[in-house]
Amino acid sequence: FVGHSGPVIIVAFSPSGQQALSGSKDGTMKLWDVSSGRLLKTFVEQSEGYVWGVAFSPSGQQAVSGGSDGTLKLWELSSGRLLKTFVGHSDEVESVAFSSSGQRILSGSLDTTTRLWNVETGKKVAKMVAFDDGEWVTLTPEGYYTASINGAKYLNVSIGKQVYGIEQYEALCHRADIV
(Lines give C-alpha, C1' and ligand atoms only; values in the text may rest on other atoms or scores of the structure.)
Protein backbone atom coordinates (compact mmCIF):
# COMPACT_ATOMS: atom_id res chain seq x y z
CA PHE A 1 0.00 0.00 0.00
CA VAL A 2 2.10 2.84 -1.33
CA GLY A 3 0.68 6.20 -2.30
CA HIS A 4 0.52 8.73 0.52
CA SER A 5 3.12 11.48 0.52
CA GLY A 6 2.87 11.91 4.29
CA PRO A 7 2.48 9.66 7.34
CA VAL A 8 -0.70 7.57 7.50
CA ILE A 9 -2.71 8.41 10.62
CA ILE A 10 -5.79 6.17 10.39
CA VAL A 11 -7.07 3.13 8.48
CA ALA A 12 -10.43 1.34 8.32
CA PHE A 13 -11.77 -1.79 6.62
CA SER A 14 -14.94 -1.74 4.52
CA PRO A 15 -17.90 -3.81 5.78
CA SER A 16 -17.01 -6.51 3.22
CA GLY A 17 -13.34 -6.46 4.19
CA GLN A 18 -12.37 -6.15 0.52
CA GLN A 19 -11.43 -2.47 0.64
CA ALA A 20 -9.69 -0.17 3.08
CA LEU A 21 -9.53 3.58 3.65
CA SER A 22 -6.47 5.43 4.86
CA GLY A 23 -6.16 8.99 6.10
CA SER A 24 -2.89 10.87 6.07
CA LYS A 25 -1.00 13.99 7.05
CA ASP A 26 -0.79 14.67 3.31
CA GLY A 27 -4.45 15.82 3.47
CA THR A 28 -5.88 12.90 1.51
CA MET A 29 -8.04 9.87 2.12
CA LYS A 30 -7.29 6.90 -0.12
CA LEU A 31 -9.40 3.87 -1.06
CA TRP A 32 -7.50 0.60 -1.51
CA ASP A 33 -8.20 -2.90 -2.79
CA VAL A 34 -7.09 -5.06 0.13
CA SER A 35 -6.21 -8.23 -1.79
CA SER A 36 -3.94 -6.52 -4.34
CA GLY A 37 -2.88 -3.39 -2.45
CA ARG A 38 -3.92 -1.37 -5.51
CA LEU A 39 -4.92 2.26 -5.02
CA LEU A 40 -8.52 2.68 -6.26
CA LYS A 41 -9.20 6.35 -5.57
CA THR A 42 -7.80 9.42 -3.84
CA PHE A 43 -10.09 11.86 -2.03
CA VAL A 44 -8.57 15.30 -1.50
CA GLU A 45 -9.77 17.34 1.43
CA GLN A 46 -11.03 20.75 0.35
CA SER A 47 -8.86 22.56 2.87
CA GLU A 48 -5.29 22.21 3.99
CA GLY A 49 -4.56 19.84 6.81
CA TYR A 50 -4.59 16.27 7.93
CA VAL A 51 -7.17 13.52 7.65
CA TRP A 52 -7.47 12.24 11.22
CA GLY A 53 -10.50 9.95 11.01
CA VAL A 54 -12.08 7.73 8.35
CA ALA A 55 -15.04 5.35 8.33
CA PHE A 56 -17.12 3.41 5.83
CA SER A 57 -20.91 3.60 5.85
CA PRO A 58 -22.59 0.26 6.67
CA SER A 59 -23.50 -0.13 2.98
CA GLY A 60 -19.89 0.45 1.93
CA GLN A 61 -21.11 3.01 -0.64
CA GLN A 62 -20.03 6.11 1.28
CA ALA A 63 -17.26 7.19 3.62
CA VAL A 64 -16.75 9.98 6.12
CA SER A 65 -13.48 11.72 6.90
CA GLY A 66 -12.60 13.99 9.80
CA GLY A 67 -9.98 16.65 9.34
CA SER A 68 -7.75 19.12 11.06
CA ASP A 69 -10.00 21.97 9.87
CA GLY A 70 -12.73 20.82 12.29
CA THR A 71 -15.07 19.50 9.58
CA LEU A 72 -16.36 16.10 8.56
CA LYS A 73 -16.76 15.27 4.88
CA LEU A 74 -19.14 12.71 3.41
CA TRP A 75 -17.89 11.08 0.21
CA GLU A 76 -19.47 8.91 -2.48
CA LEU A 77 -16.92 6.14 -2.96
CA SER A 78 -17.84 5.11 -6.52
CA SER A 79 -17.42 8.59 -8.01
CA GLY A 80 -15.11 10.22 -5.46
CA ARG A 81 -17.58 13.08 -5.19
CA LEU A 82 -17.84 15.16 -2.02
CA LEU A 83 -21.49 14.91 -0.96
CA LYS A 84 -21.61 17.02 2.18
CA THR A 85 -19.47 18.93 4.65
CA PHE A 86 -20.47 18.91 8.32
CA VAL A 87 -19.44 22.09 10.15
CA GLY A 88 -19.57 22.66 13.90
CA HIS A 89 -16.40 21.54 15.67
CA SER A 90 -13.91 24.23 16.63
CA ASP A 91 -10.83 21.99 16.50
CA GLU A 92 -9.51 18.86 14.75
CA VAL A 93 -11.94 15.99 14.22
CA GLU A 94 -9.94 12.93 15.21
CA SER A 95 -12.55 10.19 15.15
CA VAL A 96 -15.64 9.42 13.07
CA ALA A 97 -18.10 6.52 12.96
CA PHE A 98 -21.41 5.69 11.26
CA SER A 99 -24.38 4.30 13.17
CA SER A 100 -25.41 0.76 12.20
CA SER A 101 -28.33 2.21 10.21
CA GLY A 102 -26.03 4.61 8.33
CA GLN A 103 -28.36 7.50 9.18
CA ARG A 104 -26.13 9.11 11.81
CA ILE A 105 -22.44 9.96 12.14
CA LEU A 106 -20.65 10.39 15.45
CA SER A 107 -17.54 12.59 15.61
CA GLY A 108 -14.98 13.25 18.31
CA SER A 109 -12.84 16.36 18.36
CA LEU A 110 -9.99 18.05 20.19
CA ASP A 111 -12.54 20.74 21.06
CA THR A 112 -13.53 18.21 23.79
CA THR A 113 -16.95 17.49 22.30
CA THR A 114 -18.57 14.51 20.68
CA ARG A 115 -21.25 15.34 18.15
CA LEU A 116 -24.04 13.36 16.54
CA TRP A 117 -25.01 14.30 12.97
CA ASN A 118 -27.92 13.53 10.64
CA VAL A 119 -26.39 12.13 7.42
CA GLU A 120 -29.27 13.17 5.17
CA THR A 121 -29.53 16.79 6.30
CA GLY A 122 -25.95 17.39 7.47
CA LYS A 123 -27.36 18.98 10.64
CA LYS A 124 -26.11 18.42 14.17
CA VAL A 125 -28.47 16.29 16.27
CA ALA A 126 -26.65 16.62 19.60
CA LYS A 127 -23.44 17.85 21.21
CA MET A 128 -22.00 15.91 24.13
CA VAL A 129 -19.47 17.37 26.56
CA ALA A 130 -17.68 15.57 29.39
CA PHE A 131 -15.91 17.46 32.16
CA ASP A 132 -12.82 16.60 34.20
CA ASP A 133 -14.89 15.98 37.33
CA GLY A 134 -16.87 13.18 35.63
CA GLU A 135 -19.96 15.30 34.95
CA TRP A 136 -21.44 15.52 31.43
CA VAL A 137 -24.03 17.40 29.40
CA THR A 138 -25.81 16.57 26.13
CA LEU A 139 -27.35 19.51 24.26
CA THR A 140 -29.58 19.76 21.19
CA PRO A 141 -29.40 22.63 18.68
CA GLU A 142 -32.88 23.63 19.90
CA GLY A 143 -31.53 24.32 23.40
CA TYR A 144 -32.75 21.22 25.23
CA TYR A 145 -30.40 19.25 27.42
CA THR A 146 -29.91 16.28 29.66
CA ALA A 147 -27.02 15.96 32.09
CA SER A 148 -25.38 13.93 34.81
CA ILE A 149 -26.50 14.67 38.36
CA ASN A 150 -24.37 17.82 38.67
CA GLY A 151 -23.67 18.44 34.99
CA ALA A 152 -26.14 21.32 34.69
CA LYS A 153 -23.83 23.46 36.82
CA TYR A 154 -21.86 24.04 33.61
CA LEU A 155 -24.84 25.54 31.77
CA ASN A 156 -25.97 29.15 31.49
CA VAL A 157 -28.69 30.83 29.45
CA SER A 158 -27.89 33.98 27.45
CA ILE A 159 -30.66 36.37 26.54
CA GLY A 160 -29.23 39.33 24.73
CA LYS A 161 -26.25 40.46 26.77
CA GLN A 162 -27.66 39.01 30.00
CA VAL A 163 -26.42 35.66 31.31
CA TYR A 164 -28.50 33.61 33.76
CA GLY A 165 -27.95 30.37 35.63
CA ILE A 166 -29.80 27.39 34.20
CA GLU A 167 -31.82 26.85 37.40
CA GLN A 168 -34.68 29.18 36.48
CA TYR A 169 -34.94 27.62 32.99
CA GLU A 170 -34.50 24.00 33.99
CA ALA A 171 -38.19 23.10 33.69
CA LEU A 172 -38.21 24.41 30.12
CA CYS A 173 -34.83 23.15 28.89
CA HIS A 174 -34.08 19.93 30.83
CA ARG A 175 -35.72 17.39 28.53
CA ALA A 176 -34.24 13.94 29.07
CA ASP A 177 -37.34 12.59 27.30
CA ILE A 178 -36.26 14.09 23.94
CA VAL A 179 -32.47 14.36 24.24
# chains A, B, ... in the order shown; residues from 1 in each chain; ligands from 1
>>> residues_around(residues="A:Gly134", least_positions_apart="4", cutoff="12 Å", atoms="only C-alpha atoms", output="ChimeraX atom specification")
/A:129-130,147-151
>>> residues_around(residues="stretch 48-60 of chain A", least_positions_apart="3", cutoff="6 Å", atoms="only C-alpha atoms", output="PyMOL selection string")
chain A and resi 14+23-25+27+63-68+94-98+102
>>> select_by_dssp(residues="chain A", states="strand (DSSP E or B)", output="VMD selection string")
chain A and resid 8 to 13 19 to 24 28 to 33 39 to 44 51 to 56 62 to 67 71 to 76 82 to 87 93 to 98 104 to 109 113 to 118 124 to 130 136 to 139 145 to 147 156 to 159 162 to 165 174
>>> residues_around(residues="A:Trp32", least_positions_apart="3", cutoff="7 Å", atoms="only C-alpha atoms", output="number ranges by chain")
A: 19-21, 37-40
>>> residues_around(residues="A:Gly88", least_positions_apart="6", cutoff="8 Å", atoms="only C-alpha atoms", output="ChimeraX atom specification")
/A:70-71,124
>>> atom_distance(atom1="atom CA of A:His174", atom2="atom CA of A:Tyr145")
5.1 Å
>>> select_by_dssp(residues="chain A", states="helix (DSSP H, G or I)", output="list in words")
Gly151, Ala152, Lys153, Tyr154, Ile166, Glu167, Gln168, Tyr169, Glu170, Ala171, Leu172 and Cys173 of chain A
>>> atom_distance(atom1="atom CA of A:Trp117", atom2="atom CA of A:Arg81")
19.7 Å
>>> closest_residue(among="A:Glu142, A:Asp111, A:Glu76, A:Glu92", to="A:Ala126", atoms="only C-alpha atoms")
A:Glu142
>>> atom_distance(atom1="atom CA of A:Tyr164", atom2="atom CA of A:Thr113")
22.9 Å
>>> closest_residue(among="A:Leu77, A:Leu110, A:Ala12, A:Ile105", to="A:Lys123", atoms="only C-alpha atoms")
A:Ile105
>>> residues_around(residues="A:Thr121", least_positions_apart="3", cutoff="12 Å", atoms="only C-alpha atoms", output="VMD selection string")
chain A and resid 74 83 to 86 103 to 105 117 to 118 124 to 125
